[in-house]
>>> print(open('my_file-v7.txt').read())   # compact mmCIF, N, CA and C atoms
# COMPACT_ATOMS: atom_id res chain seq x y z
N MET A 23 24.35 132.57 -63.47
CA MET A 23 24.38 131.17 -63.82
C MET A 23 23.21 130.46 -63.15
N SER A 24 22.53 129.67 -63.93
CA SER A 24 21.41 128.95 -63.35
C SER A 24 21.90 127.72 -62.60
N LEU A 25 21.12 127.28 -61.65
CA LEU A 25 21.45 126.09 -60.88
C LEU A 25 21.51 124.86 -61.79
N GLU A 26 20.61 124.79 -62.76
CA GLU A 26 20.59 123.66 -63.70
C GLU A 26 21.90 123.60 -64.49
N TRP A 27 22.37 124.78 -64.94
CA TRP A 27 23.62 124.84 -65.70
C TRP A 27 24.79 124.38 -64.83
N LYS A 28 24.83 124.85 -63.57
CA LYS A 28 25.91 124.47 -62.65
C LYS A 28 25.93 122.97 -62.42
N ASN A 29 24.75 122.38 -62.20
CA ASN A 29 24.69 120.94 -61.97
C ASN A 29 25.14 120.16 -63.19
N THR A 30 24.77 120.61 -64.37
CA THR A 30 25.20 119.95 -65.60
C THR A 30 26.71 120.04 -65.73
N TRP A 31 27.27 121.23 -65.45
CA TRP A 31 28.71 121.44 -65.52
C TRP A 31 29.43 120.54 -64.53
N ARG A 32 28.92 120.44 -63.32
CA ARG A 32 29.55 119.60 -62.29
C ARG A 32 29.58 118.14 -62.70
N LYS A 33 28.50 117.67 -63.34
CA LYS A 33 28.45 116.27 -63.79
C LYS A 33 29.41 116.05 -64.96
N LYS A 34 29.53 117.04 -65.83
CA LYS A 34 30.39 116.91 -67.01
C LYS A 34 31.87 117.01 -66.64
N TYR A 35 32.20 117.83 -65.65
CA TYR A 35 33.59 118.06 -65.25
C TYR A 35 33.76 117.87 -63.74
N PRO A 36 33.63 116.65 -63.23
CA PRO A 36 33.71 116.45 -61.78
C PRO A 36 35.05 116.83 -61.18
N GLU A 37 36.16 116.62 -61.91
CA GLU A 37 37.48 116.97 -61.36
C GLU A 37 37.63 118.48 -61.23
N ARG A 38 37.08 119.24 -62.15
CA ARG A 38 37.13 120.70 -62.07
C ARG A 38 36.25 121.20 -60.93
N ALA A 39 35.05 120.62 -60.82
CA ALA A 39 34.13 121.03 -59.76
C ALA A 39 34.75 120.76 -58.38
N ARG A 40 35.42 119.62 -58.25
CA ARG A 40 36.07 119.27 -56.98
C ARG A 40 37.18 120.28 -56.66
N ALA A 41 37.98 120.63 -57.66
CA ALA A 41 39.06 121.60 -57.44
C ALA A 41 38.50 122.95 -57.03
N HIS A 42 37.44 123.40 -57.69
CA HIS A 42 36.83 124.69 -57.34
C HIS A 42 36.30 124.66 -55.91
N MET A 43 35.66 123.55 -55.55
CA MET A 43 35.09 123.42 -54.21
C MET A 43 36.20 123.45 -53.15
N LEU A 44 37.30 122.71 -53.40
CA LEU A 44 38.39 122.66 -52.43
C LEU A 44 39.06 124.02 -52.26
N VAL A 45 39.22 124.77 -53.36
CA VAL A 45 39.79 126.12 -53.25
C VAL A 45 38.85 127.02 -52.44
N MET A 46 37.57 126.93 -52.73
CA MET A 46 36.58 127.75 -52.02
C MET A 46 36.63 127.45 -50.51
N HIS A 47 36.66 126.17 -50.14
CA HIS A 47 36.71 125.80 -48.72
C HIS A 47 38.02 126.24 -48.07
N ALA A 48 39.14 126.10 -48.80
CA ALA A 48 40.44 126.51 -48.25
C ALA A 48 40.47 128.02 -48.03
N MET A 49 39.84 128.76 -48.91
CA MET A 49 39.80 130.22 -48.75
C MET A 49 38.91 130.60 -47.56
N ARG A 50 37.79 129.89 -47.42
CA ARG A 50 36.88 130.19 -46.30
C ARG A 50 37.52 129.91 -44.95
N ASN A 51 38.29 128.78 -44.86
CA ASN A 51 38.87 128.46 -43.56
C ASN A 51 40.25 129.09 -43.35
N GLY A 52 40.72 129.88 -44.32
CA GLY A 52 41.95 130.64 -44.15
C GLY A 52 43.23 129.93 -44.50
N THR A 53 43.17 128.69 -44.99
CA THR A 53 44.40 127.98 -45.36
C THR A 53 44.92 128.40 -46.73
N LEU A 54 44.11 129.12 -47.48
CA LEU A 54 44.51 129.61 -48.79
C LEU A 54 44.00 131.03 -48.96
N GLN A 55 44.85 131.90 -49.47
CA GLN A 55 44.44 133.28 -49.72
C GLN A 55 44.74 133.62 -51.17
N ASN A 56 43.81 134.36 -51.78
CA ASN A 56 44.08 134.74 -53.16
C ASN A 56 45.17 135.80 -53.20
N GLU A 57 45.88 135.84 -54.32
CA GLU A 57 47.00 136.76 -54.51
C GLU A 57 46.67 137.69 -55.68
N ASP A 58 47.55 138.65 -55.92
CA ASP A 58 47.39 139.52 -57.08
C ASP A 58 47.59 138.69 -58.35
N CYS A 59 47.07 139.19 -59.45
CA CYS A 59 47.20 138.51 -60.74
C CYS A 59 48.68 138.28 -61.06
N ALA A 60 49.01 137.06 -61.42
CA ALA A 60 50.40 136.71 -61.73
C ALA A 60 50.91 137.41 -62.99
N LEU A 61 50.00 137.89 -63.83
CA LEU A 61 50.42 138.52 -65.09
C LEU A 61 50.38 140.04 -65.04
N CYS A 62 49.33 140.61 -64.45
CA CYS A 62 49.20 142.08 -64.52
C CYS A 62 49.12 142.76 -63.15
N ARG A 63 49.13 141.97 -62.07
CA ARG A 63 49.09 142.49 -60.70
C ARG A 63 47.75 143.09 -60.27
N GLU A 64 46.68 142.82 -61.02
CA GLU A 64 45.33 143.23 -60.60
C GLU A 64 45.04 142.56 -59.25
N VAL A 65 44.29 143.24 -58.41
CA VAL A 65 44.02 142.73 -57.06
C VAL A 65 42.88 141.70 -57.06
N LYS A 66 41.83 141.94 -57.83
CA LYS A 66 40.69 141.03 -57.86
C LYS A 66 41.02 139.84 -58.76
N THR A 67 41.18 138.65 -58.17
CA THR A 67 41.64 137.48 -58.92
C THR A 67 40.80 136.25 -58.69
N GLU A 68 41.07 135.24 -59.51
CA GLU A 68 40.42 133.94 -59.40
C GLU A 68 41.48 132.87 -59.62
N ALA A 69 41.21 131.67 -59.16
CA ALA A 69 42.19 130.58 -59.25
C ALA A 69 42.15 129.92 -60.63
N HIS A 70 43.34 129.70 -61.20
CA HIS A 70 43.46 128.95 -62.44
C HIS A 70 44.24 127.68 -62.11
N HIS A 71 43.71 126.54 -62.56
CA HIS A 71 44.35 125.25 -62.29
C HIS A 71 45.01 124.72 -63.55
N GLU A 72 46.31 124.48 -63.48
CA GLU A 72 47.00 123.80 -64.57
C GLU A 72 46.77 122.30 -64.46
N ASP A 73 46.59 121.81 -63.23
CA ASP A 73 46.40 120.39 -62.98
C ASP A 73 45.30 120.23 -61.92
N TYR A 74 44.16 119.69 -62.33
CA TYR A 74 43.03 119.57 -61.41
C TYR A 74 43.24 118.52 -60.33
N THR A 75 44.26 117.67 -60.48
CA THR A 75 44.55 116.70 -59.43
C THR A 75 45.31 117.36 -58.27
N LYS A 76 45.75 118.61 -58.50
CA LYS A 76 46.43 119.39 -57.45
C LYS A 76 45.64 120.69 -57.25
N PRO A 77 44.46 120.58 -56.66
CA PRO A 77 43.53 121.72 -56.62
C PRO A 77 44.01 122.94 -55.84
N ILE A 78 44.86 122.75 -54.85
CA ILE A 78 45.31 123.88 -54.05
C ILE A 78 46.47 124.61 -54.74
N GLU A 79 47.12 123.96 -55.68
CA GLU A 79 48.20 124.60 -56.46
C GLU A 79 47.57 125.38 -57.60
N ALA A 80 47.16 126.59 -57.31
CA ALA A 80 46.48 127.42 -58.29
C ALA A 80 47.33 128.63 -58.63
N ILE A 81 47.14 129.10 -59.85
CA ILE A 81 47.77 130.35 -60.28
C ILE A 81 46.68 131.40 -60.19
N TRP A 82 46.98 132.52 -59.56
CA TRP A 82 45.98 133.56 -59.38
C TRP A 82 46.02 134.53 -60.55
N LEU A 83 44.88 134.68 -61.23
CA LEU A 83 44.77 135.55 -62.39
C LEU A 83 43.51 136.39 -62.29
N CYS A 84 43.58 137.60 -62.82
CA CYS A 84 42.35 138.41 -62.93
C CYS A 84 41.50 137.80 -64.05
N ASN A 85 40.25 138.16 -64.10
CA ASN A 85 39.35 137.56 -65.09
C ASN A 85 39.83 137.77 -66.53
N PRO A 86 40.23 138.99 -66.94
CA PRO A 86 40.69 139.16 -68.33
C PRO A 86 41.92 138.30 -68.67
N CYS A 87 42.89 138.22 -67.76
CA CYS A 87 44.08 137.40 -68.01
C CYS A 87 43.72 135.92 -68.04
N HIS A 88 42.80 135.51 -67.17
CA HIS A 88 42.36 134.12 -67.11
C HIS A 88 41.68 133.73 -68.43
N ARG A 89 40.80 134.59 -68.93
CA ARG A 89 40.12 134.32 -70.21
C ARG A 89 41.11 134.24 -71.36
N GLU A 90 42.08 135.16 -71.37
CA GLU A 90 43.08 135.18 -72.44
C GLU A 90 43.92 133.91 -72.42
N LEU A 91 44.28 133.44 -71.24
CA LEU A 91 45.04 132.20 -71.11
C LEU A 91 44.28 131.03 -71.71
N HIS A 92 42.99 130.93 -71.38
CA HIS A 92 42.18 129.83 -71.92
C HIS A 92 41.96 129.99 -73.43
N ARG A 93 41.84 131.23 -73.91
CA ARG A 93 41.68 131.46 -75.34
C ARG A 93 42.91 130.97 -76.08
N LYS A 94 44.09 131.26 -75.54
CA LYS A 94 45.33 130.81 -76.18
C LYS A 94 45.44 129.29 -76.17
N LYS A 95 45.03 128.66 -75.07
CA LYS A 95 45.07 127.19 -75.01
C LYS A 95 44.12 126.58 -76.04
N ARG A 96 42.90 127.17 -76.16
CA ARG A 96 41.95 126.66 -77.17
C ARG A 96 42.51 126.85 -78.56
N SER A 97 43.19 127.97 -78.78
CA SER A 97 43.77 128.26 -80.08
C SER A 97 44.81 127.20 -80.44
N GLU A 98 45.66 126.82 -79.49
CA GLU A 98 46.66 125.78 -79.73
C GLU A 98 46.00 124.43 -80.00
N GLU A 99 44.95 124.12 -79.23
CA GLU A 99 44.23 122.86 -79.45
C GLU A 99 43.58 122.86 -80.84
N ASN A 100 43.03 124.00 -81.23
CA ASN A 100 42.39 124.11 -82.54
C ASN A 100 43.40 123.93 -83.67
N LYS A 101 44.63 124.45 -83.50
CA LYS A 101 45.65 124.28 -84.53
C LYS A 101 45.93 122.81 -84.77
N GLU A 102 46.06 122.05 -83.69
CA GLU A 102 46.31 120.61 -83.80
C GLU A 102 45.12 119.92 -84.47
N LEU A 103 43.93 120.33 -84.10
CA LEU A 103 42.72 119.76 -84.68
C LEU A 103 42.62 120.05 -86.17
N ILE A 104 42.96 121.27 -86.57
CA ILE A 104 42.92 121.66 -87.98
C ILE A 104 43.92 120.83 -88.79
N ILE A 105 45.11 120.63 -88.27
CA ILE A 105 46.13 119.84 -88.96
C ILE A 105 45.64 118.41 -89.15
N LEU A 106 45.08 117.82 -88.10
CA LEU A 106 44.57 116.46 -88.18
C LEU A 106 43.40 116.36 -89.16
N ALA A 107 42.47 117.29 -89.07
CA ALA A 107 41.30 117.27 -89.95
C ALA A 107 41.71 117.45 -91.41
N THR A 108 42.68 118.30 -91.67
CA THR A 108 43.17 118.53 -93.02
C THR A 108 43.79 117.25 -93.59
N LYS A 109 44.57 116.56 -92.77
CA LYS A 109 45.17 115.29 -93.21
C LYS A 109 44.10 114.26 -93.52
N LEU A 110 43.08 114.18 -92.67
CA LEU A 110 42.00 113.22 -92.89
C LEU A 110 41.19 113.57 -94.15
N ARG A 111 41.02 114.88 -94.40
CA ARG A 111 40.34 115.31 -95.64
C ARG A 111 41.15 114.87 -96.86
N GLU A 112 42.47 115.02 -96.78
CA GLU A 112 43.35 114.60 -97.88
C GLU A 112 43.27 113.09 -98.11
N ASP A 113 42.95 112.35 -97.04
CA ASP A 113 42.78 110.89 -97.15
C ASP A 113 41.40 110.52 -97.69
N GLY A 114 40.56 111.53 -97.96
CA GLY A 114 39.26 111.28 -98.58
C GLY A 114 38.07 111.21 -97.64
N LEU A 115 38.27 111.48 -96.36
CA LEU A 115 37.14 111.45 -95.43
C LEU A 115 36.31 112.72 -95.56
N THR A 116 35.01 112.60 -95.31
CA THR A 116 34.13 113.77 -95.31
C THR A 116 34.23 114.46 -93.95
N TYR A 117 33.75 115.70 -93.89
CA TYR A 117 33.74 116.41 -92.61
C TYR A 117 32.89 115.68 -91.58
N LYS A 118 31.81 115.08 -92.05
CA LYS A 118 30.93 114.34 -91.13
C LYS A 118 31.69 113.16 -90.53
N GLU A 119 32.43 112.42 -91.35
CA GLU A 119 33.20 111.27 -90.86
C GLU A 119 34.29 111.71 -89.89
N ILE A 120 34.96 112.81 -90.23
CA ILE A 120 36.02 113.34 -89.36
C ILE A 120 35.42 113.79 -88.03
N ALA A 121 34.31 114.50 -88.11
CA ALA A 121 33.65 115.00 -86.90
C ALA A 121 33.24 113.85 -85.99
N GLU A 122 32.74 112.76 -86.56
CA GLU A 122 32.35 111.61 -85.75
C GLU A 122 33.57 110.99 -85.06
N ARG A 123 34.67 110.90 -85.79
CA ARG A 123 35.91 110.35 -85.21
C ARG A 123 36.43 111.21 -84.06
N LEU A 124 36.30 112.52 -84.22
CA LEU A 124 36.86 113.45 -83.24
C LEU A 124 35.85 113.95 -82.22
N SER A 125 34.62 113.47 -82.31
CA SER A 125 33.54 113.91 -81.42
C SER A 125 33.36 115.42 -81.45
N LYS A 126 33.32 115.96 -82.65
CA LYS A 126 33.13 117.40 -82.86
C LYS A 126 31.95 117.62 -83.79
N SER A 127 31.50 118.85 -83.87
CA SER A 127 30.45 119.24 -84.80
C SER A 127 31.06 119.36 -86.19
N ALA A 128 30.42 118.74 -87.20
CA ALA A 128 30.93 118.81 -88.57
C ALA A 128 30.94 120.25 -89.07
N THR A 129 29.91 121.01 -88.73
CA THR A 129 29.83 122.40 -89.17
C THR A 129 30.95 123.24 -88.56
N ALA A 130 31.16 123.10 -87.27
CA ALA A 130 32.23 123.85 -86.60
C ALA A 130 33.60 123.44 -87.15
N LEU A 131 33.78 122.15 -87.40
CA LEU A 131 35.03 121.65 -87.94
C LEU A 131 35.29 122.23 -89.33
N TYR A 132 34.28 122.24 -90.17
CA TYR A 132 34.39 122.81 -91.52
C TYR A 132 34.82 124.28 -91.46
N HIS A 133 34.17 125.03 -90.59
CA HIS A 133 34.49 126.45 -90.45
C HIS A 133 35.92 126.65 -89.94
N MET A 134 36.32 125.81 -88.99
CA MET A 134 37.65 125.91 -88.42
C MET A 134 38.73 125.65 -89.48
N VAL A 135 38.57 124.56 -90.24
CA VAL A 135 39.55 124.17 -91.25
C VAL A 135 39.63 125.22 -92.36
N ASN A 136 38.50 125.79 -92.72
CA ASN A 136 38.44 126.75 -93.81
C ASN A 136 38.55 128.20 -93.35
N ASN A 137 38.86 128.38 -92.07
CA ASN A 137 39.06 129.71 -91.48
C ASN A 137 37.87 130.65 -91.72
N ILE A 138 36.68 130.12 -91.47
CA ILE A 138 35.45 130.89 -91.61
C ILE A 138 34.89 131.09 -90.21
N PRO A 139 34.56 132.30 -89.80
CA PRO A 139 33.99 132.50 -88.46
C PRO A 139 32.74 131.66 -88.28
N TYR A 140 32.63 131.04 -87.11
CA TYR A 140 31.47 130.20 -86.81
C TYR A 140 30.93 130.58 -85.45
N TYR A 141 29.67 130.85 -85.40
CA TYR A 141 29.02 131.19 -84.15
C TYR A 141 27.99 130.13 -83.87
N LYS A 142 28.12 129.49 -82.71
CA LYS A 142 27.18 128.44 -82.34
C LYS A 142 25.79 129.01 -82.26
N PRO A 143 24.80 128.24 -82.73
CA PRO A 143 23.42 128.70 -82.59
C PRO A 143 23.07 128.85 -81.11
N SER A 144 22.28 129.83 -80.80
CA SER A 144 21.89 130.08 -79.43
C SER A 144 21.01 128.94 -78.93
N ARG A 145 21.23 128.55 -77.67
CA ARG A 145 20.40 127.50 -77.07
C ARG A 145 19.22 128.10 -76.32
N ALA A 146 19.15 129.40 -76.35
CA ALA A 146 18.08 130.08 -75.63
C ALA A 146 16.74 129.77 -76.30
N LYS A 147 15.74 129.63 -75.48
CA LYS A 147 14.41 129.37 -76.02
C LYS A 147 13.87 130.65 -76.68
N PRO A 148 13.23 130.51 -77.82
CA PRO A 148 12.69 131.73 -78.48
C PRO A 148 11.62 132.38 -77.59
N LYS A 149 11.61 133.70 -77.64
CA LYS A 149 10.61 134.44 -76.86
C LYS A 149 9.27 134.40 -77.58
N ASN A 150 8.24 134.26 -76.80
CA ASN A 150 6.88 134.31 -77.39
C ASN A 150 6.54 135.74 -77.71
N ILE A 151 6.20 135.97 -78.95
CA ILE A 151 5.90 137.34 -79.37
C ILE A 151 4.40 137.53 -79.48
>>> encode(input="my_file-v7.txt", output="C-alpha cells")
Amino acid sequence: MSLEWKNTWRKKYPERARAHMLVMHAMRNGTLQNEDCALCREVKTEAHHEDYTKPIEAIWLCNPCHRELHRKKRSEENKELIILATKLREDGLTYKEIAERLSKSATALYHMVNNIPYYKPSRAKPKNI
C-alpha cells in the first residue's frame, strides 16, 4: 500500500482509521491481544469492527473469513440498491438520474440491476512502451 493511498483512505474514513489506530496501540501496549478466528479458528487474525465507535470491541477473523464477511455485507447492500434502482426505473428515471440520486456510477448501477459482471477500469497509469 502506498503512503498516498493510506492518507486518502484515512481522510475518507476517519472513524475507521481511528479504530485501526486504537487497536494497534492497544495491542502494542498489551491491553488487547488478538485471538483465533471466530469462524474457523485460524491463528493469524485481524480485527473486524461491527461498530467503529467501539474500536476495542473487535471480532477476530482470519483474512479469508474477514473478506467473506465484507463480501456478504456488500451483497446485501447491493440487493437493497438493486430493488431501489429497479423501482426508480419503473418510475421512468434514467440510470444516470438514479446514479446521481444515489451517488453511484451509472455504468456500475446498470450492470448491477441487469446482473451483468462489471469490472472497474484500472486506475493504474499506463506503462510507457
>>> select_by_dssp(input="my_file-v7.txt", residues="chain A", states="strand (DSSP E or B)", output="VMD selection string")
chain A and resid 68 to 70 81 to 83
>>> select_by_dssp(input="my_file-v7.txt", residues="chain A", states="alpha helix (DSSP H)", output="PyMOL selection string")
chain A and resi 25-34+36-50+85-112+117-124+128-135
>>> axis_aligned_box(input="my_file-v7.txt", around="region 62-72 of chain A", padding_each_side="4 Å", output="lines of an AutoDock Vina configuration file")
center_x = 44.9
center_y = 132.8
center_z = -60.8
size_x = 16.9
size_y = 28.9
size_z = 15.5
>>> closest_residue(input="my_file-v7.txt", among="A:His71, A:Arg111, A:Lys101, A:Lys66", to="Asn85 (chain A)", atoms="all atoms listed in the file")
A:Lys66
>>> atom_distance(input="my_file-v7.txt", atom1="CA of Val65 (chain A)", atom2="CA of Trp82 (chain A)")
9.7 Å
>>> residues_near_point(input="my_file-v7.txt", point="(43.2, 124.1, -56.5)", cutoff="5 Å", atoms="only N, CA and C atoms", output="PyMOL selection string")
chain A and resi 41+76-80
>>> residues_around(input="my_file-v7.txt", residues="Asp58 (chain A)", least_positions_apart="4", cutoff="8 Å", atoms="only N, CA and C atoms", output="list of chain:residue names")
A:Cys62, A:Arg63, A:Glu64, A:Val65, A:Lys66, A:Thr67, A:Glu68, A:Ile81, A:Trp82, A:Leu83, A:Cys84
>>> residues_around(input="my_file-v7.txt", residues="Leu131 (chain A)", least_positions_apart="2", cutoff="10 Å", atoms="only C-alpha atoms", output="list in words")
Asn100, Leu103, Ile104, Ala107, Tyr117, Lys118, Ile120, Ala121, Leu124, Lys126, Ser127, Ala128, Thr129, His133, Met134, Val135, Asn136, Asn137, Ile138 and Tyr140 of chain A
>>> closest_residue(input="my_file-v7.txt", among="A:Ala60, A:Lys28, A:Lys34, A:Tyr132", to="Pro86 (chain A)", atoms="only C-alpha atoms")
A:Ala60
>>> decode(input="my_file-v7.txt", residues="region 50-61 of chain A", atoms="all heavy atoms", output="PDB file, in the first residue's frame")
ATOM      1  N   ARG A  50      -0.043  -3.065  20.997  1.00  0.00           N
ATOM      2  CA  ARG A  50       1.366  -2.775  21.321  1.00  0.00           C
ATOM      3  C   ARG A  50       1.601  -2.662  22.812  1.00  0.00           C
ATOM      4  O   ARG A  50       2.628  -3.107  23.315  1.00  0.00           O
ATOM      5  CB  ARG A  50       1.808  -1.474  20.633  1.00  0.00           C
ATOM      6  CG  ARG A  50       2.132  -1.658  19.195  1.00  0.00           C
ATOM      7  CD  ARG A  50       2.696  -0.378  18.617  1.00  0.00           C
ATOM      8  NE  ARG A  50       2.918  -0.524  17.186  1.00  0.00           N
ATOM      9  CZ  ARG A  50       3.085   0.471  16.349  1.00  0.00           C
ATOM     10  NH1 ARG A  50       3.070   1.715  16.792  1.00  0.00           N
ATOM     11  NH2 ARG A  50       3.268   0.258  15.072  1.00  0.00           N
ATOM     12  N   ASN A  51       0.634  -2.014  23.535  1.00  0.00           N
ATOM     13  CA  ASN A  51       0.868  -1.839  24.973  1.00  0.00           C
ATOM     14  C   ASN A  51       0.323  -3.007  25.805  1.00  0.00           C
ATOM     15  O   ASN A  51       0.382  -2.981  27.031  1.00  0.00           O
ATOM     16  CB  ASN A  51       0.319  -0.491  25.465  1.00  0.00           C
ATOM     17  CG  ASN A  51      -1.192  -0.406  25.455  1.00  0.00           C
ATOM     18  OD1 ASN A  51      -1.888  -1.405  25.536  1.00  0.00           O
ATOM     19  ND2 ASN A  51      -1.707   0.816  25.357  1.00  0.00           N
ATOM     20  N   GLY A  52      -0.227  -4.030  25.150  1.00  0.00           N
ATOM     21  CA  GLY A  52      -0.625  -5.240  25.844  1.00  0.00           C
ATOM     22  C   GLY A  52      -2.023  -5.252  26.425  1.00  0.00           C
ATOM     23  O   GLY A  52      -2.418  -6.225  27.067  1.00  0.00           O
ATOM     24  N   THR A  53      -2.804  -4.194  26.230  1.00  0.00           N
ATOM     25  CA  THR A  53      -4.168  -4.181  26.774  1.00  0.00           C
ATOM     26  C   THR A  53      -5.145  -4.951  25.893  1.00  0.00           C
ATOM     27  O   THR A  53      -6.268  -5.226  26.306  1.00  0.00           O
ATOM     28  CB  THR A  53      -4.693  -2.733  26.960  1.00  0.00           C
ATOM     29  OG1 THR A  53      -4.652  -2.062  25.706  1.00  0.00           O
ATOM     30  CG2 THR A  53      -3.871  -1.977  27.983  1.00  0.00           C
ATOM     31  N   LEU A  54      -4.718  -5.306  24.696  1.00  0.00           N
ATOM     32  CA  LEU A  54      -5.553  -6.080  23.787  1.00  0.00           C
ATOM     33  C   LEU A  54      -4.686  -7.117  23.090  1.00  0.00           C
ATOM     34  O   LEU A  54      -3.565  -6.805  22.682  1.00  0.00           O
ATOM     35  CB  LEU A  54      -6.197  -5.142  22.742  1.00  0.00           C
ATOM     36  CG  LEU A  54      -7.168  -5.770  21.751  1.00  0.00           C
ATOM     37  CD1 LEU A  54      -8.422  -6.262  22.466  1.00  0.00           C
ATOM     38  CD2 LEU A  54      -7.549  -4.743  20.694  1.00  0.00           C
ATOM     39  N   GLN A  55      -5.182  -8.325  23.007  1.00  0.00           N
ATOM     40  CA  GLN A  55      -4.450  -9.383  22.309  1.00  0.00           C
ATOM     41  C   GLN A  55      -5.359  -9.996  21.253  1.00  0.00           C
ATOM     42  O   GLN A  55      -6.551 -10.195  21.508  1.00  0.00           O
ATOM     43  CB  GLN A  55      -4.002 -10.461  23.282  1.00  0.00           C
ATOM     44  CG  GLN A  55      -2.944  -9.987  24.251  1.00  0.00           C
ATOM     45  CD  GLN A  55      -2.480 -11.109  25.164  1.00  0.00           C
ATOM     46  OE1 GLN A  55      -3.034 -12.194  25.174  1.00  0.00           O
ATOM     47  NE2 GLN A  55      -1.444 -10.834  25.946  1.00  0.00           N
ATOM     48  N   ASN A  56      -4.758 -10.290  20.100  1.00  0.00           N
ATOM     49  CA  ASN A  56      -5.593 -10.917  19.082  1.00  0.00           C
ATOM     50  C   ASN A  56      -5.888 -12.356  19.472  1.00  0.00           C
ATOM     51  O   ASN A  56      -5.152 -12.988  20.221  1.00  0.00           O
ATOM     52  CB  ASN A  56      -4.986 -10.804  17.693  1.00  0.00           C
ATOM     53  CG  ASN A  56      -3.677 -11.516  17.541  1.00  0.00           C
ATOM     54  OD1 ASN A  56      -2.986 -11.765  18.511  1.00  0.00           O
ATOM     55  ND2 ASN A  56      -3.332 -11.827  16.317  1.00  0.00           N
ATOM     56  N   GLU A  57      -7.018 -12.850  18.971  1.00  0.00           N
ATOM     57  CA  GLU A  57      -7.485 -14.198  19.281  1.00  0.00           C
ATOM     58  C   GLU A  57      -7.547 -15.005  17.988  1.00  0.00           C
ATOM     59  O   GLU A  57      -7.373 -14.469  16.900  1.00  0.00           O
ATOM     60  CB  GLU A  57      -8.872 -14.109  19.925  1.00  0.00           C
ATOM     61  CG  GLU A  57      -8.894 -13.276  21.193  1.00  0.00           C
ATOM     62  CD  GLU A  57     -10.304 -12.967  21.673  1.00  0.00           C
ATOM     63  OE1 GLU A  57     -11.266 -13.553  21.133  1.00  0.00           O
ATOM     64  OE2 GLU A  57     -10.433 -12.136  22.577  1.00  0.00           O
ATOM     65  N   ASP A  58      -7.863 -16.288  18.115  1.00  0.00           N
ATOM     66  CA  ASP A  58      -8.063 -17.115  16.929  1.00  0.00           C
ATOM     67  C   ASP A  58      -9.307 -16.633  16.190  1.00  0.00           C
ATOM     68  O   ASP A  58     -10.190 -15.998  16.785  1.00  0.00           O
ATOM     69  CB  ASP A  58      -8.259 -18.582  17.331  1.00  0.00           C
ATOM     70  CG  ASP A  58      -6.999 -19.186  17.945  1.00  0.00           C
ATOM     71  OD1 ASP A  58      -5.937 -18.538  17.875  1.00  0.00           O
ATOM     72  OD2 ASP A  58      -7.094 -20.289  18.489  1.00  0.00           O
ATOM     73  N   CYS A  59      -9.383 -16.968  14.916  1.00  0.00           N
ATOM     74  CA  CYS A  59     -10.527 -16.583  14.085  1.00  0.00           C
ATOM     75  C   CYS A  59     -11.823 -17.097  14.718  1.00  0.00           C
ATOM     76  O   CYS A  59     -11.925 -18.280  15.065  1.00  0.00           O
ATOM     77  CB  CYS A  59     -10.368 -17.126  12.671  1.00  0.00           C
ATOM     78  SG  CYS A  59     -11.772 -16.763  11.589  1.00  0.00           S
ATOM     79  N   ALA A  60     -12.791 -16.226  14.849  1.00  0.00           N
ATOM     80  CA  ALA A  60     -14.073 -16.592  15.456  1.00  0.00           C
ATOM     81  C   ALA A  60     -14.854 -17.587  14.608  1.00  0.00           C
ATOM     82  O   ALA A  60     -15.746 -18.268  15.118  1.00  0.00           O
ATOM     83  CB  ALA A  60     -14.912 -15.337  15.675  1.00  0.00           C
ATOM     84  N   LEU A  61     -14.521 -17.695  13.329  1.00  0.00           N
ATOM     85  CA  LEU A  61     -15.267 -18.592  12.440  1.00  0.00           C
ATOM     86  C   LEU A  61     -14.557 -19.909  12.172  1.00  0.00           C
ATOM     87  O   LEU A  61     -15.182 -20.962  12.146  1.00  0.00           O
ATOM     88  CB  LEU A  61     -15.573 -17.879  11.118  1.00  0.00           C
ATOM     89  CG  LEU A  61     -16.413 -16.606  11.251  1.00  0.00           C
ATOM     90  CD1 LEU A  61     -16.564 -15.940   9.903  1.00  0.00           C
ATOM     91  CD2 LEU A  61     -17.765 -16.928  11.856  1.00  0.00           C
TER      92      LEU A  61
END
